[in-house]
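Source file: my_file_34.cif (mmCIF, C-alpha atoms)
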```
data_run
#
loop_
_atom_site.label_atom_id
_atom_site.label_comp_id
_atom_site.auth_asym_id
_atom_site.auth_seq_id
_atom_site.Cartn_x
_atom_site.Cartn_y
_atom_site.Cartn_z
CA MET L 21 289.19 276.94 120.62
CA ASN L 22 286.85 279.33 122.43
CA HIS L 23 286.62 277.48 125.72
CA PRO L 24 289.42 276.68 128.18
CA ILE L 25 291.30 273.48 127.42
CA ARG L 26 289.43 270.59 128.99
CA ALA L 27 291.85 267.96 130.25
CA LEU L 28 291.20 264.57 131.80
CA ILE L 29 294.27 263.93 133.95
CA LEU L 30 295.07 260.37 135.00
CA ALA L 31 296.93 260.41 138.31
CA ASP L 32 296.79 257.06 140.05
CA ASP L 33 299.48 258.38 142.42
CA CYS L 34 298.18 261.72 143.71
CA ASN L 35 298.43 262.49 147.40
CA PRO L 36 299.47 265.69 149.19
CA ASP L 37 300.79 263.83 152.25
CA TRP L 38 302.81 261.03 150.65
CA PRO L 39 306.38 261.87 149.61
CA SER L 40 308.01 261.46 146.22
CA LEU L 41 305.73 260.52 143.30
CA PRO L 42 302.31 260.95 144.99
CA VAL L 43 302.95 264.53 146.12
CA VAL L 44 304.49 265.37 142.73
CA GLY L 45 301.34 264.12 141.01
CA PHE L 46 299.16 266.15 143.36
CA LYS L 47 301.13 269.40 143.02
CA ALA L 48 301.41 269.13 139.23
CA ALA L 49 297.69 268.42 138.68
CA GLN L 50 296.66 271.16 141.08
CA ALA L 51 298.83 273.71 139.27
CA ILE L 52 297.58 272.71 135.81
CA ALA L 53 294.01 273.20 137.06
CA ASP L 54 294.80 276.88 137.63
CA HIS L 55 295.14 277.30 133.85
CA ALA L 56 292.80 274.70 132.33
CA GLU L 57 289.50 272.96 133.02
CA VAL L 58 290.79 269.83 134.72
CA THR L 59 289.21 266.61 135.90
CA VAL L 60 291.58 264.37 137.85
CA ALA L 61 290.96 260.63 137.93
CA THR L 62 292.77 259.11 140.89
CA HIS L 63 292.65 256.11 143.19
CA VAL L 64 290.21 256.00 146.09
CA ARG L 65 293.11 255.47 148.53
CA ASN L 66 294.01 259.14 148.01
CA ARG L 67 290.54 260.45 148.87
CA PRO L 68 290.95 261.23 152.61
CA ASN L 69 294.10 263.30 152.17
CA VAL L 70 293.00 265.03 148.96
CA GLU L 71 289.65 266.03 150.41
CA ARG L 72 291.25 267.24 153.64
CA VAL L 73 293.39 269.86 151.83
CA GLY L 74 291.38 270.29 148.63
CA MET L 75 292.69 270.32 145.08
CA GLY L 76 292.11 273.89 144.03
CA ASN L 77 290.17 274.29 140.80
CA ALA L 78 290.35 270.62 139.79
CA ARG L 79 287.35 268.32 139.85
CA VAL L 80 288.37 264.96 141.32
CA GLU L 81 286.91 261.53 140.60
CA TYR L 82 287.95 258.57 142.74
CA LEU L 83 288.24 255.07 141.28
CA ASP L 84 288.42 251.84 143.25
CA THR L 85 290.71 249.01 142.09
CA GLU L 86 291.37 247.51 145.51
CA TYR L 87 290.07 244.19 144.18
CA VAL L 88 293.44 243.96 142.38
CA ALA L 89 295.64 246.48 144.16
CA ARG L 90 295.24 245.20 147.73
CA PRO L 91 296.37 241.58 147.21
CA LEU L 92 299.18 242.71 144.90
CA TYR L 93 300.39 245.21 147.49
CA LYS L 94 300.59 242.51 150.13
CA LEU L 95 302.50 240.19 147.79
CA ASN L 96 304.74 243.06 146.66
CA THR L 97 305.60 244.02 150.24
CA TRP L 98 306.44 240.41 151.07
CA LEU L 99 308.69 239.99 148.03
CA ARG L 100 310.55 243.23 148.79
CA GLY L 101 310.80 242.64 152.52
CA GLY L 102 309.04 245.96 153.17
CA ASN L 103 308.54 249.09 151.09
CA GLN L 104 311.96 250.75 151.21
CA VAL L 105 313.92 248.75 148.60
CA GLY L 106 313.34 246.63 145.49
CA TRP L 107 311.85 249.37 143.31
CA THR L 108 312.12 247.38 140.07
CA THR L 109 310.06 244.64 141.69
CA ASN L 110 307.61 247.27 142.90
CA ILE L 111 307.04 248.63 139.39
CA ALA L 112 306.65 245.14 137.91
CA MET L 113 304.06 244.20 140.51
CA ASN L 114 302.13 247.42 139.86
CA TYR L 115 301.44 246.55 136.21
CA PRO L 116 298.16 244.57 136.67
CA ALA L 117 296.81 247.08 139.18
CA TYR L 118 297.57 250.00 136.89
CA VAL L 119 295.92 248.38 133.87
CA ALA L 120 292.86 247.85 136.08
CA PHE L 121 292.95 251.54 137.03
CA GLU L 122 292.85 252.67 133.41
CA TRP L 123 290.08 250.19 132.66
CA GLU L 124 288.04 251.82 135.43
CA VAL L 125 288.88 255.24 133.91
CA TRP L 126 287.52 254.08 130.57
CA ARG L 127 284.35 252.72 132.17
CA ARG L 128 283.79 256.02 133.97
CA PHE L 129 284.78 258.47 131.23
CA GLY L 130 284.64 256.57 127.93
CA ALA L 131 281.22 257.93 126.96
CA ASP L 132 282.23 261.50 127.85
CA LEU L 133 285.38 261.21 125.76
CA LYS L 134 283.40 259.97 122.77
CA ALA L 135 280.91 262.80 123.25
CA GLY L 136 283.68 265.40 123.04
CA LYS L 137 283.48 266.58 126.64
CA PHE L 138 287.29 266.53 126.94
CA ASP L 139 289.88 267.93 124.54
CA LEU L 140 292.69 265.59 125.62
CA VAL L 141 293.78 262.95 128.10
CA HIS L 142 297.00 263.40 130.06
CA ARG L 143 298.55 260.52 132.01
CA LEU L 144 300.47 262.32 134.71
CA THR L 145 301.25 259.38 137.00
CA PRO L 146 302.66 256.78 137.22
CA MET L 147 305.87 258.21 135.79
CA SER L 148 307.67 254.97 135.03
CA PRO L 149 308.27 254.46 131.28
CA THR L 150 307.91 250.72 131.89
CA LEU L 151 304.19 250.94 132.71
CA PRO L 152 302.20 251.20 129.48
CA SER L 153 298.86 252.94 129.14
CA PRO L 154 295.83 251.28 127.51
CA MET L 155 294.14 254.70 127.29
CA ALA L 156 296.58 255.73 124.58
CA ARG L 157 294.82 253.22 122.32
CA LEU L 158 291.30 253.73 123.62
CA SER L 159 291.12 257.53 123.77
CA PRO L 160 289.34 259.24 120.85
CA VAL L 161 291.07 262.54 121.76
CA PRO L 162 294.83 263.31 121.85
CA PHE L 163 296.76 261.48 124.55
CA VAL L 164 299.69 263.10 126.40
CA LEU L 165 302.09 260.86 128.31
CA GLY L 166 304.38 261.93 131.12
CA PRO L 167 306.51 263.29 132.49
CA LEU L 168 308.24 259.92 132.51
CA ASN L 169 311.54 259.22 134.21
CA GLY L 170 313.60 256.05 133.97
CA GLY L 171 316.15 254.17 131.93
CA LEU L 172 319.14 255.18 134.06
CA PRO L 173 321.51 252.19 134.37
CA TRP L 174 323.07 251.16 137.63
CA PRO L 175 326.61 252.59 137.70
CA GLU L 176 329.47 250.15 137.65
CA GLY L 177 331.26 249.42 140.90
CA PHE L 178 328.20 249.54 143.13
CA ASP L 179 327.08 245.92 142.99
CA ALA L 180 326.95 245.72 146.79
CA GLU L 181 324.49 248.62 146.94
CA ARG L 182 322.39 247.11 144.18
CA SER L 183 322.26 243.80 146.04
CA ARG L 184 321.21 245.50 149.28
CA GLU L 185 318.54 247.36 147.32
CA LYS L 186 317.19 243.94 146.25
CA GLU L 187 317.25 245.00 142.61
CA TRP L 188 317.24 241.44 141.34
CA LEU L 189 314.99 242.23 138.37
CA VAL L 190 317.24 244.91 136.88
CA LYS L 191 318.73 242.43 134.41
CA LEU L 192 315.22 241.59 133.18
CA ARG L 193 314.07 245.19 132.92
CA GLU L 194 313.92 245.20 129.10
CA ALA L 195 311.16 242.59 129.25
CA TYR L 196 308.68 245.43 129.84
CA ARG L 197 308.86 246.20 126.11
CA LEU L 198 306.93 242.96 125.53
CA LEU L 199 304.03 243.91 127.79
CA PRO L 200 300.55 244.34 126.31
CA PHE L 201 299.82 247.98 125.35
CA TYR L 202 303.52 248.95 125.31
CA ARG L 203 303.74 249.58 121.55
CA SER L 204 300.42 251.38 121.28
CA THR L 205 301.28 253.60 124.26
CA TYR L 206 304.25 255.16 122.50
CA ALA L 207 302.93 254.93 118.95
CA ARG L 208 299.69 256.76 119.76
CA SER L 209 300.83 259.37 122.27
CA ALA L 210 300.55 262.84 120.76
CA ALA L 211 303.37 264.04 123.04
CA VAL L 212 305.73 262.27 125.42
CA LEU L 213 307.15 264.33 128.27
CA ALA L 214 310.40 262.74 129.43
CA GLY L 215 312.52 263.79 132.39
CA PHE L 216 316.14 264.41 131.39
CA GLN L 217 318.13 262.97 128.52
CA HIS L 218 318.57 259.51 130.07
CA THR L 219 314.80 258.94 129.75
CA ILE L 220 314.60 260.22 126.18
CA ASP L 221 317.47 257.95 125.15
CA ASP L 222 315.54 254.94 126.48
CA LEU L 223 312.32 255.69 124.57
CA PRO L 224 311.38 253.66 121.47
CA GLU L 225 312.33 255.35 118.22
CA CYS L 226 308.68 255.91 117.25
CA ALA L 227 308.24 258.26 120.23
CA LYS L 228 311.42 260.33 120.04
CA THR L 229 310.10 262.78 117.43
CA ARG L 230 307.27 263.68 119.83
CA ALA L 231 309.37 263.64 123.02
CA LEU L 232 310.08 266.80 125.01
CA ASN L 233 312.70 267.09 127.74
CA PHE L 234 310.42 267.85 130.67
CA PRO L 235 311.68 266.92 134.17
CA GLU L 236 309.01 265.87 136.64
CA VAL L 237 310.65 267.66 139.57
CA GLY L 238 309.12 270.85 140.86
CA VAL L 239 309.09 273.11 143.90
CA ASP L 240 306.44 274.78 146.00
CA PRO L 241 307.81 278.28 146.73
CA LYS L 242 305.56 278.51 149.78
CA LEU L 243 307.60 275.73 151.38
CA PHE L 244 310.99 276.01 149.70
CA ASN L 245 312.34 279.50 149.32
CA GLU L 246 314.78 282.02 150.63
CA THR L 247 312.55 284.87 151.68
CA ALA L 248 315.53 287.20 152.15
CA PRO L 249 319.11 286.91 150.87
CA ARG L 250 321.07 284.64 153.21
CA VAL L 251 323.91 286.51 154.87
CA VAL L 252 327.26 285.35 153.55
CA PRO L 253 328.13 282.71 156.14
CA SER L 254 331.28 282.83 158.21
CA GLY L 255 332.56 280.48 160.84
CA LYS L 256 330.62 277.23 161.22
CA LEU L 257 328.67 276.04 158.15
CA LYS L 258 325.67 273.74 158.26
CA PHE L 259 325.75 270.83 155.81
CA LEU L 260 322.48 268.99 155.17
CA PHE L 261 321.44 265.58 153.78
CA VAL L 262 317.76 264.79 153.17
CA GLY L 263 316.50 261.49 151.79
CA ARG L 264 315.51 257.92 152.47
CA LEU L 265 318.33 256.13 154.26
CA VAL L 266 318.69 253.39 151.66
CA PRO L 267 321.84 251.97 150.02
CA TYR L 268 321.74 253.70 146.62
CA LYS L 269 321.51 257.16 148.17
CA LEU L 270 324.83 256.52 150.00
CA PRO L 271 323.61 258.32 153.15
CA THR L 272 326.69 257.14 155.07
CA LEU L 273 329.08 258.93 152.69
CA PRO L 274 328.69 262.43 154.23
CA ILE L 275 329.47 260.87 157.61
CA GLU L 276 332.65 259.34 156.17
CA CYS L 277 333.61 262.74 154.77
CA PHE L 278 333.38 264.26 158.25
CA ALA L 279 335.18 261.29 159.81
CA LYS L 280 338.17 261.72 157.47
CA SER L 281 338.44 265.51 157.58
CA GLU L 282 339.55 267.66 160.48
CA THR L 283 338.37 270.65 158.43
CA LEU L 284 334.80 269.36 158.16
CA ARG L 285 334.67 268.35 161.83
CA GLN L 286 334.70 272.05 162.66
CA HIS L 287 331.32 272.38 160.97
CA GLU L 288 327.93 270.68 161.38
CA LEU L 289 326.17 267.93 159.39
CA LEU L 290 322.42 267.38 159.75
CA ILE L 291 320.90 264.17 158.36
CA VAL L 292 317.13 264.03 157.75
CA GLY L 293 315.43 260.79 156.84
CA ASP L 294 314.82 257.22 157.92
CA GLY L 295 315.37 253.78 156.49
CA PRO L 296 317.32 250.53 156.76
CA GLU L 297 320.75 252.22 156.82
CA ARG L 298 320.00 254.27 159.92
CA GLY L 299 321.38 251.83 162.48
CA ALA L 300 324.74 251.50 160.71
CA MET L 301 324.94 255.28 160.33
CA GLU L 302 324.35 255.91 164.02
CA GLU L 303 326.99 253.32 164.88
CA ARG L 304 329.51 254.94 162.52
CA ILE L 305 328.90 258.38 164.07
CA GLN L 306 329.64 256.95 167.51
CA GLN L 307 332.75 255.05 166.34
CA ALA L 308 334.20 258.15 164.66
CA GLY L 309 333.50 260.39 167.64
CA LEU L 310 331.29 262.70 165.59
CA GLY L 311 328.56 263.23 168.17
CA ASP L 312 329.30 266.97 168.42
CA SER L 313 329.22 267.64 164.66
CA VAL L 314 326.89 265.08 163.02
CA HIS L 315 323.22 264.87 164.05
CA MET L 316 320.57 262.40 162.90
CA LEU L 317 317.18 264.13 162.91
CA GLY L 318 314.94 261.33 161.60
CA TRP L 319 311.96 261.87 159.33
CA LYS L 320 310.62 265.41 158.91
CA SER L 321 307.58 266.85 157.15
CA GLN L 322 307.99 268.89 153.97
CA ALA L 323 307.41 272.10 155.91
CA GLU L 324 310.06 271.12 158.46
CA VAL L 325 312.52 270.24 155.70
CA GLY L 326 311.87 273.62 154.09
CA GLN L 327 312.68 275.38 157.35
CA LEU L 328 315.88 273.36 157.80
CA MET L 329 316.96 274.22 154.27
CA ARG L 330 316.57 277.92 155.03
CA GLU L 331 318.82 277.47 158.07
CA CYS L 332 321.59 275.49 156.34
CA ASN L 333 324.28 276.39 153.80
CA VAL L 334 325.30 273.30 151.81
CA PHE L 335 323.15 270.41 150.58
CA VAL L 336 325.05 267.13 150.26
CA PHE L 337 323.46 264.53 148.00
CA PRO L 338 325.67 261.55 147.03
CA SER L 339 322.93 259.36 145.51
CA ILE L 340 324.37 257.24 142.69
CA ARG L 341 321.16 256.55 140.75
CA GLU L 342 318.82 259.48 141.08
CA LEU L 343 316.34 259.75 138.24
CA GLY L 344 314.87 263.14 139.05
CA ALA L 345 316.04 264.37 142.47
CA GLY L 346 313.14 266.56 143.52
CA VAL L 347 314.90 267.21 146.82
CA VAL L 348 317.78 268.81 144.91
CA ALA L 349 315.33 271.19 143.23
CA GLU L 350 313.89 272.05 146.65
CA ALA L 351 317.36 272.73 148.04
CA MET L 352 318.11 274.93 145.04
CA ALA L 353 314.95 276.97 145.61
CA SER L 354 316.00 277.41 149.24
CA GLY L 355 319.29 279.02 148.23
CA LEU L 356 321.51 276.13 149.28
CA CYS L 357 324.79 275.35 147.59
CA ASN L 358 324.25 271.84 146.21
CA VAL L 359 326.91 269.11 145.98
CA ALA L 360 325.72 266.01 144.11
CA VAL L 361 326.92 263.17 141.90
CA ASP L 362 327.10 264.09 138.23
CA TYR L 363 324.82 261.27 137.11
CA GLY L 364 321.13 261.27 136.30
CA GLY L 365 318.82 264.12 137.26
CA PRO L 366 321.16 266.00 139.64
CA GLY L 367 323.80 266.43 136.95
CA ASP L 368 321.36 268.31 134.71
CA LEU L 369 319.83 270.34 137.51
CA LEU L 370 323.23 271.61 138.66
CA ALA L 371 324.60 272.36 135.18
CA GLU L 372 325.65 275.84 134.10
CA GLY L 373 327.35 276.58 137.44
CA ARG L 374 324.26 276.02 139.59
CA GLY L 375 326.13 273.77 142.04
CA VAL L 376 329.05 271.40 142.50
CA LYS L 377 328.90 268.23 140.38
CA VAL L 378 331.10 265.41 141.68
CA PRO L 379 332.25 262.96 138.97
CA LEU L 380 330.98 259.42 139.39
CA GLY L 381 333.62 256.85 140.32
CA SER L 382 334.24 253.87 142.55
CA PRO L 383 332.94 254.04 146.13
CA ASN L 384 336.40 255.03 147.39
CA ASP L 385 336.89 257.60 144.63
CA LEU L 386 333.48 259.10 145.31
CA ALA L 387 334.18 259.44 149.03
CA GLN L 388 337.49 261.18 148.34
CA ARG L 389 335.96 263.51 145.76
CA PHE L 390 333.08 264.50 148.04
CA THR L 391 335.45 265.12 150.94
CA SER L 392 337.62 267.36 148.77
CA ALA L 393 334.61 269.26 147.39
CA LEU L 394 333.12 269.86 150.84
CA GLU L 395 336.47 270.98 152.28
CA LYS L 396 336.86 273.57 149.51
CA LEU L 397 333.41 274.96 150.26
CA ALA L 398 334.08 275.00 154.00
CA VAL L 399 336.91 277.52 153.52
CA ASP L 400 335.16 279.63 150.87
CA PRO L 401 331.80 280.81 152.26
CA GLN L 402 331.44 283.45 149.54
CA HIS L 403 331.48 280.72 146.87
CA VAL L 404 328.89 278.79 148.89
CA TYR L 405 326.64 281.84 148.87
CA ASP L 406 327.15 282.59 145.17
CA LEU L 407 326.33 279.05 144.07
CA GLY L 408 323.25 279.03 146.29
CA GLN L 409 321.94 282.25 144.79
CA ARG L 410 322.47 281.02 141.24
CA ALA L 411 320.61 277.81 142.04
CA ARG L 412 317.80 279.70 143.75
CA ASP L 413 317.25 282.08 140.84
CA PHE L 414 317.02 279.18 138.40
CA ALA L 415 314.69 277.04 140.51
CA LEU L 416 312.24 279.83 141.31
CA ARG L 417 312.14 280.89 137.64
CA GLU L 418 311.92 277.47 135.96
CA LEU L 419 310.89 274.79 138.45
CA THR L 420 307.92 276.15 140.40
CA TRP L 421 304.74 274.18 139.87
CA ASP L 422 303.09 277.19 138.23
CA ALA L 423 305.97 277.64 135.76
CA LYS L 424 305.77 273.94 134.89
CA ALA L 425 301.98 274.14 134.51
CA LEU L 426 302.34 276.96 131.99
CA ARG L 427 304.77 274.84 129.97
CA THR L 428 302.31 271.94 130.16
CA LEU L 429 299.57 274.19 128.76
CA GLU L 430 301.81 274.96 125.79
CA VAL L 431 302.18 271.23 125.19
CA TYR L 432 298.40 270.93 125.23
CA ARG L 433 298.11 273.76 122.70
CA TRP L 434 300.65 272.01 120.48
CA VAL L 435 298.89 268.63 120.40
CA LEU L 436 295.55 270.37 119.80
CA GLY L 437 296.93 272.27 116.82
CA GLU L 438 296.74 275.72 118.46
CA ARG L 439 300.46 276.28 117.89
CA PRO L 440 302.37 274.96 114.87
CA ASP L 441 305.56 273.84 116.60
CA ALA L 442 306.57 272.12 119.82
CA PRO L 443 306.91 274.50 122.77
CA PRO L 444 310.31 275.48 124.11
CA GLY L 445 311.41 273.07 126.79
CA TYR L 446 314.24 271.86 128.89
CA GLY L 447 317.25 271.15 126.69
CA PRO L 448 319.87 268.44 127.23
CA HIS L 449 322.51 268.78 129.92
CA GLY L 450 320.55 271.32 131.91
CA VAL L 451 320.48 274.05 129.28
CA ILE L 452 317.03 275.61 129.56
CA GLU L 453 315.25 277.42 126.77
CA PRO L 454 314.10 281.00 127.46
CA PRO L 455 311.02 281.26 129.72
CA LEU L 456 307.68 281.22 127.89
CA ALA L 457 307.05 284.82 128.87
CA ALA L 458 310.35 285.97 127.33
#
```
Take the structure in the file and give it back as structure tokens.
Amino acid sequence: MNHPIRALILADDCNPDWPSLPVVGFKAAQAIADHAEVTVATHVRNRPNVERVGMGNARVEYLDTEYVARPLYKLNTWLRGGNQVGWTTNIAMNYPAYVAFEWEVWRRFGADLKAGKFDLVHRLTPMSPTLPSPMARLSPVPFVLGPLNGGLPWPEGFDAERSREKEWLVKLREAYRLLPFYRSTYARSAAVLAGFQHTIDDLPECAKTRALNFPEVGVDPKLFNETAPRVVPSGKLKFLFVGRLVPYKLPTLPIECFAKSETLRQHELLIVGDGPERGAMEERIQQAGLGDSVHMLGWKSQAEVGQLMRECNVFVFPSIRELGAGVVAEAMASGLCNVAVDYGGPGDLLAEGRGVKVPLGSPNDLAQRFTSALEKLAVDPQHVYDLGQRARDFALRELTWDAKALRTLEVYRWVLGERPDAPPGYGPHGVIEPPLAA
């Protein structure tokens, strides 16, 4: 192929100012456009923010499906009682709107695809494996799917958290396999990028031979970095939690650790985020007399979070059902020592001695294990520093958006027949293949 690879990227969720999936879609597409000729098809709702900051070398086309999306969003918000919980319901309600989005993509680009103006189509977002893609069947050029992330069961013993998350549809989740376009999506995808082993295990058998372990998480080193080696801390350590204050992330657990431990009370805990659990957390801080050591900071921008990470020492993340954990990758890049539950995405990210993995257990067991782990770090600042440096080196080598874009380009080359075998990728249990440049 004499010309640069020409990719049509589908990114319904693609917004530099919206956290989680939208900003991941934006950063990933922008980075890929530095190495390929990229056209991004996204929803018109993203236009103001995308045009305000620009999207680098990518050409952007905006598609309008508000005729379906707007009424479904209103119904979805009503069913969930807001937009903080009920994520299974959210995905289910997004199905008609997403099918409409791909239909608009086909109307806009179908003729160009047939005329050979693109080498491949890549559906970057949404990243749920439960939302099929009609374009896999329609596209006359190779179709790349992912990175996907999903299929992680609710852990046993946390029924109360699941109920407060309003995850009533979890028991019906497998019904998505009966949706129109589900079979053709996986049968016709030339490559399926799947985040972590739990997603690969949940894929249909027909897709597993073309599946690559490719986490969706990434970091922007301009925002998340340690510009100079952090001095080995002594005296008071700063512990940090960042995330939505919702039940499954167990944001109250770090507070309980400080409440139970005289050792931890000598240090400082900063909590960044907002959500339905905030009121109960503030009440618990007051009841436990933790006003001098635990501070609720509310919501912060990505730049502000990056600055806080550079000022702290230990990142505490007790989420019990974290598919990808992009915030853990950001904390790693910032040189923080990470302490997280060994389940889902965080367990793989912190493998190979890149952090402290706390075994999953009952709510009481988990609280005791986190307290013990944090106390050990509080009296061993050198270990805190060493783990943070190991995490930082890994994240800035493997998880920057540019590094991930280069791996994506190798996937493109593979499906286009420019390389005979699948590219090296992210192996199971956090074992990473050598960098592409090695």
- Task: Mind checking which residues fall within 7 Å of range 299-309 of chain L, counting only C-alpha atoms, ignoring those fewer than 5 positions away in the same chain, and posting them as a list in words?
- Result: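 Near range 299-309 of chain L, the qualifying residues are Thr272, Ile275 and Ala279 of chain L.
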- Between CA of Val399 in chain L and CA of Gly365 in chain L, what is the distance, to one decimal in Å?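 Between CA of Val399 in chain L and CA of Gly365 in chain L the gap works out to 27.8 Å.
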- Message: From the options L:Glu236, L:Asp441, L:Asp132, L:Glu276, which residue's atoms come nearest to Gly344 in chain L, counting only C-alpha atoms?
- Response: L:Glu236
- Message: Measuring between only C-alpha atoms, which one of L:Pro162, L:Gly367, L:Gly215, L:Pro338 shows the shortest distance to Leu273 in chain L?
- Response: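 With only C-alpha atoms as the atom set, the closest residue is L:Pro338.
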- Of the candidates L:Tyr363, L:Asp54, L:Leu30, L:Trp38, which one gets nearest to Leu83 in chain L if we count all atoms listed in the file?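 Of the candidates, the smallest distance to Leu83 in chain L is held by L:Leu30.
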- Task: List every protein, DNA or RNA residue that has an atom no more than 7 Å from (308.7, 263.8, 130.7) in the file's coordinate frame, counting all atoms listed in the file, and report them as JSON, numbers by chain.
- Result: {"L": [166, 167, 168, 169, 212, 213, 214, 215, 232, 233, 234, 235, 236]}
- In terms of the shortest atom-to-atom distance over all atoms listed in the file, which of L:Thr205, L:Ser159, L:Ser313, L:Asn333 is closest to Leu257 in chain L?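 Distance minimum relative to Leu257 in chain L lands on L:Asn333.
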- What is the CA of Ala411 in chain L-CA of Glu246 in chain L distance in Å, reported with one decimal? 11.2 Å
- Between L:His23, L:Arg374, L:Lys47, L:His218, which one has atoms that come closest to Arg341 in chain L, using only C-alpha atoms?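 The closest residue to Arg341 in chain L is L:His218.
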- Item | Point-to-point distance from CA of Thr150 in chain L to CA of Leu172 in chain L, Å rounded to tenths | 12.3 Å
- Within 6 Å of Arg26 in chain L, counting only C-alpha atoms, which residues qualify if same-chain residues fewer than 3 places away don't, as a list in words?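 What passes the distance filter is Glu57, Val58, Phe138 and Asp139 of chain L.
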- Item | Residues near Arg157 in chain L, cut-off 10 Å, only C-alpha atoms, skip fewer than 2 positions along chain, as a list of chain:residue names |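 Contacts, in chain order: L:Ser153, L:Pro154, L:Met155, L:Ser159, L:Pro160, L:Phe163, L:Phe201, L:Arg203, L:Ser204, L:Thr205, L:Tyr206, L:Ala207, L:Arg208, L:Ser209.
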- Query: Hey, what comes out of the PyMOL selection byres ((chain L and resi 245) around 6) on this file? Could you write it as an MDAnalysis selection string?
  - Reply: chainID L and resid 241 244 246:247 353:354
- Query: Taking all atoms listed in the file into account, which of L:Ala131, L:Val73, L:Leu41, L:Ala371 comes nearest Leu144 in chain L?
  - Reply: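 Under the stated criterion, the closest residue is L:Leu41.
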- Message: Quick one: residues within 10 Å of Pro42 in chain L, all atoms listed in the file, excluding same-chain residues fewer than 3 positions away - as a count of residues only?
- Response: 15
Skip Arg128 in chain L itself and residues of its chain fewer than 6 positions away, then list as a CSV table (one decimal) with C-alpha atoms, keeping the file's coordinate frame all residues within 10 Å of it, counting only C-alpha atoms.
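Contents of part_21.csv, freshly written:
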```csv
chain,number,residue,atom,x,y,z
L,61,ALA,CA,291.0,260.6,137.9
L,81,GLU,CA,286.9,261.5,140.6
L,83,LEU,CA,288.2,255.1,141.3
L,122,GLU,CA,292.8,252.7,133.4
```
- Message: Can you translate the PyMOL selection byres ((chain L and resi 319) around 8) into the concrete residues it hits in this file, as a PyMOL selection string?
- Response: chain L and resi 292-294+317-318+320-321
Do you know which residues the PyMOL selection byres ((chain L and resi 391) around 10) returns on this file, as a PDB file with C-alpha atoms, in the coordinates of the input?
```pdb
ATOM      1  CA  LEU L 273     329.080 258.930 152.690  1.00  0.00           C
ATOM      2  CA  PRO L 274     328.690 262.430 154.230  1.00  0.00           C
ATOM      3  CA  ILE L 275     329.470 260.870 157.610  1.00  0.00           C
ATOM      4  CA  GLU L 276     332.650 259.340 156.170  1.00  0.00           C
ATOM      5  CA  CYS L 277     333.610 262.740 154.770  1.00  0.00           C
ATOM      6  CA  PHE L 278     333.380 264.260 158.250  1.00  0.00           C
ATOM      7  CA  ALA L 279     335.180 261.290 159.810  1.00  0.00           C
ATOM      8  CA  LYS L 280     338.170 261.720 157.470  1.00  0.00           C
ATOM      9  CA  SER L 281     338.440 265.510 157.580  1.00  0.00           C
ATOM     10  CA  THR L 283     338.370 270.650 158.430  1.00  0.00           C
ATOM     11  CA  LEU L 284     334.800 269.360 158.160  1.00  0.00           C
ATOM     12  CA  ASP L 385     336.890 257.600 144.630  1.00  0.00           C
ATOM     13  CA  LEU L 386     333.480 259.100 145.310  1.00  0.00           C
ATOM     14  CA  ALA L 387     334.180 259.440 149.030  1.00  0.00           C
ATOM     15  CA  GLN L 388     337.490 261.180 148.340  1.00  0.00           C
ATOM     16  CA  ARG L 389     335.960 263.510 145.760  1.00  0.00           C
ATOM     17  CA  PHE L 390     333.080 264.500 148.040  1.00  0.00           C
ATOM     18  CA  SER L 392     337.620 267.360 148.770  1.00  0.00           C
ATOM     19  CA  ALA L 393     334.610 269.260 147.390  1.00  0.00           C
ATOM     20  CA  LEU L 394     333.120 269.860 150.840  1.00  0.00           C
ATOM     21  CA  GLU L 395     336.470 270.980 152.280  1.00  0.00           C
ATOM     22  CA  LYS L 396     336.860 273.570 149.510  1.00  0.00           C
TER      23      LYS L 396
END
```
Where is the centre and how long are the edges: axis-aligned box on range 297-310 of chain L, 5 Å on each side, Å to one decimal, as AutoDock Vina command-line options:
```
--center_x 327.1 --center_y 257.1 --center_z 162.2 --size_x 24.2 --size_y 21.2 --size_z 20.8
```
Regenerate range 378-384 of chain L at the level of N, CA and C atoms and dump it as a compact mmCIF listing (two decimals), keeping the file's coordinate frame.
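This is the output file result-v4.txt:
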```txt
# COMPACT_ATOMS: atom_id res chain seq x y z
N VAL L 378 329.99 266.30 141.36
CA VAL L 378 331.10 265.41 141.68
C VAL L 378 331.10 264.26 140.69
N PRO L 379 332.21 264.05 139.96
CA PRO L 379 332.25 262.96 138.97
C PRO L 379 332.01 261.60 139.62
N LEU L 380 331.25 260.77 138.92
CA LEU L 380 330.98 259.42 139.39
C LEU L 380 332.26 258.59 139.32
N GLY L 381 332.47 257.74 140.30
CA GLY L 381 333.62 256.85 140.32
C GLY L 381 333.35 255.68 141.23
N SER L 382 334.40 254.96 141.61
CA SER L 382 334.24 253.87 142.55
C SER L 382 333.80 254.42 143.89
N PRO L 383 333.33 253.55 144.80
CA PRO L 383 332.94 254.04 146.13
C PRO L 383 334.05 254.81 146.83
N ASN L 384 335.28 254.32 146.75
CA ASN L 384 336.40 255.03 147.39
C ASN L 384 336.67 256.36 146.71
```
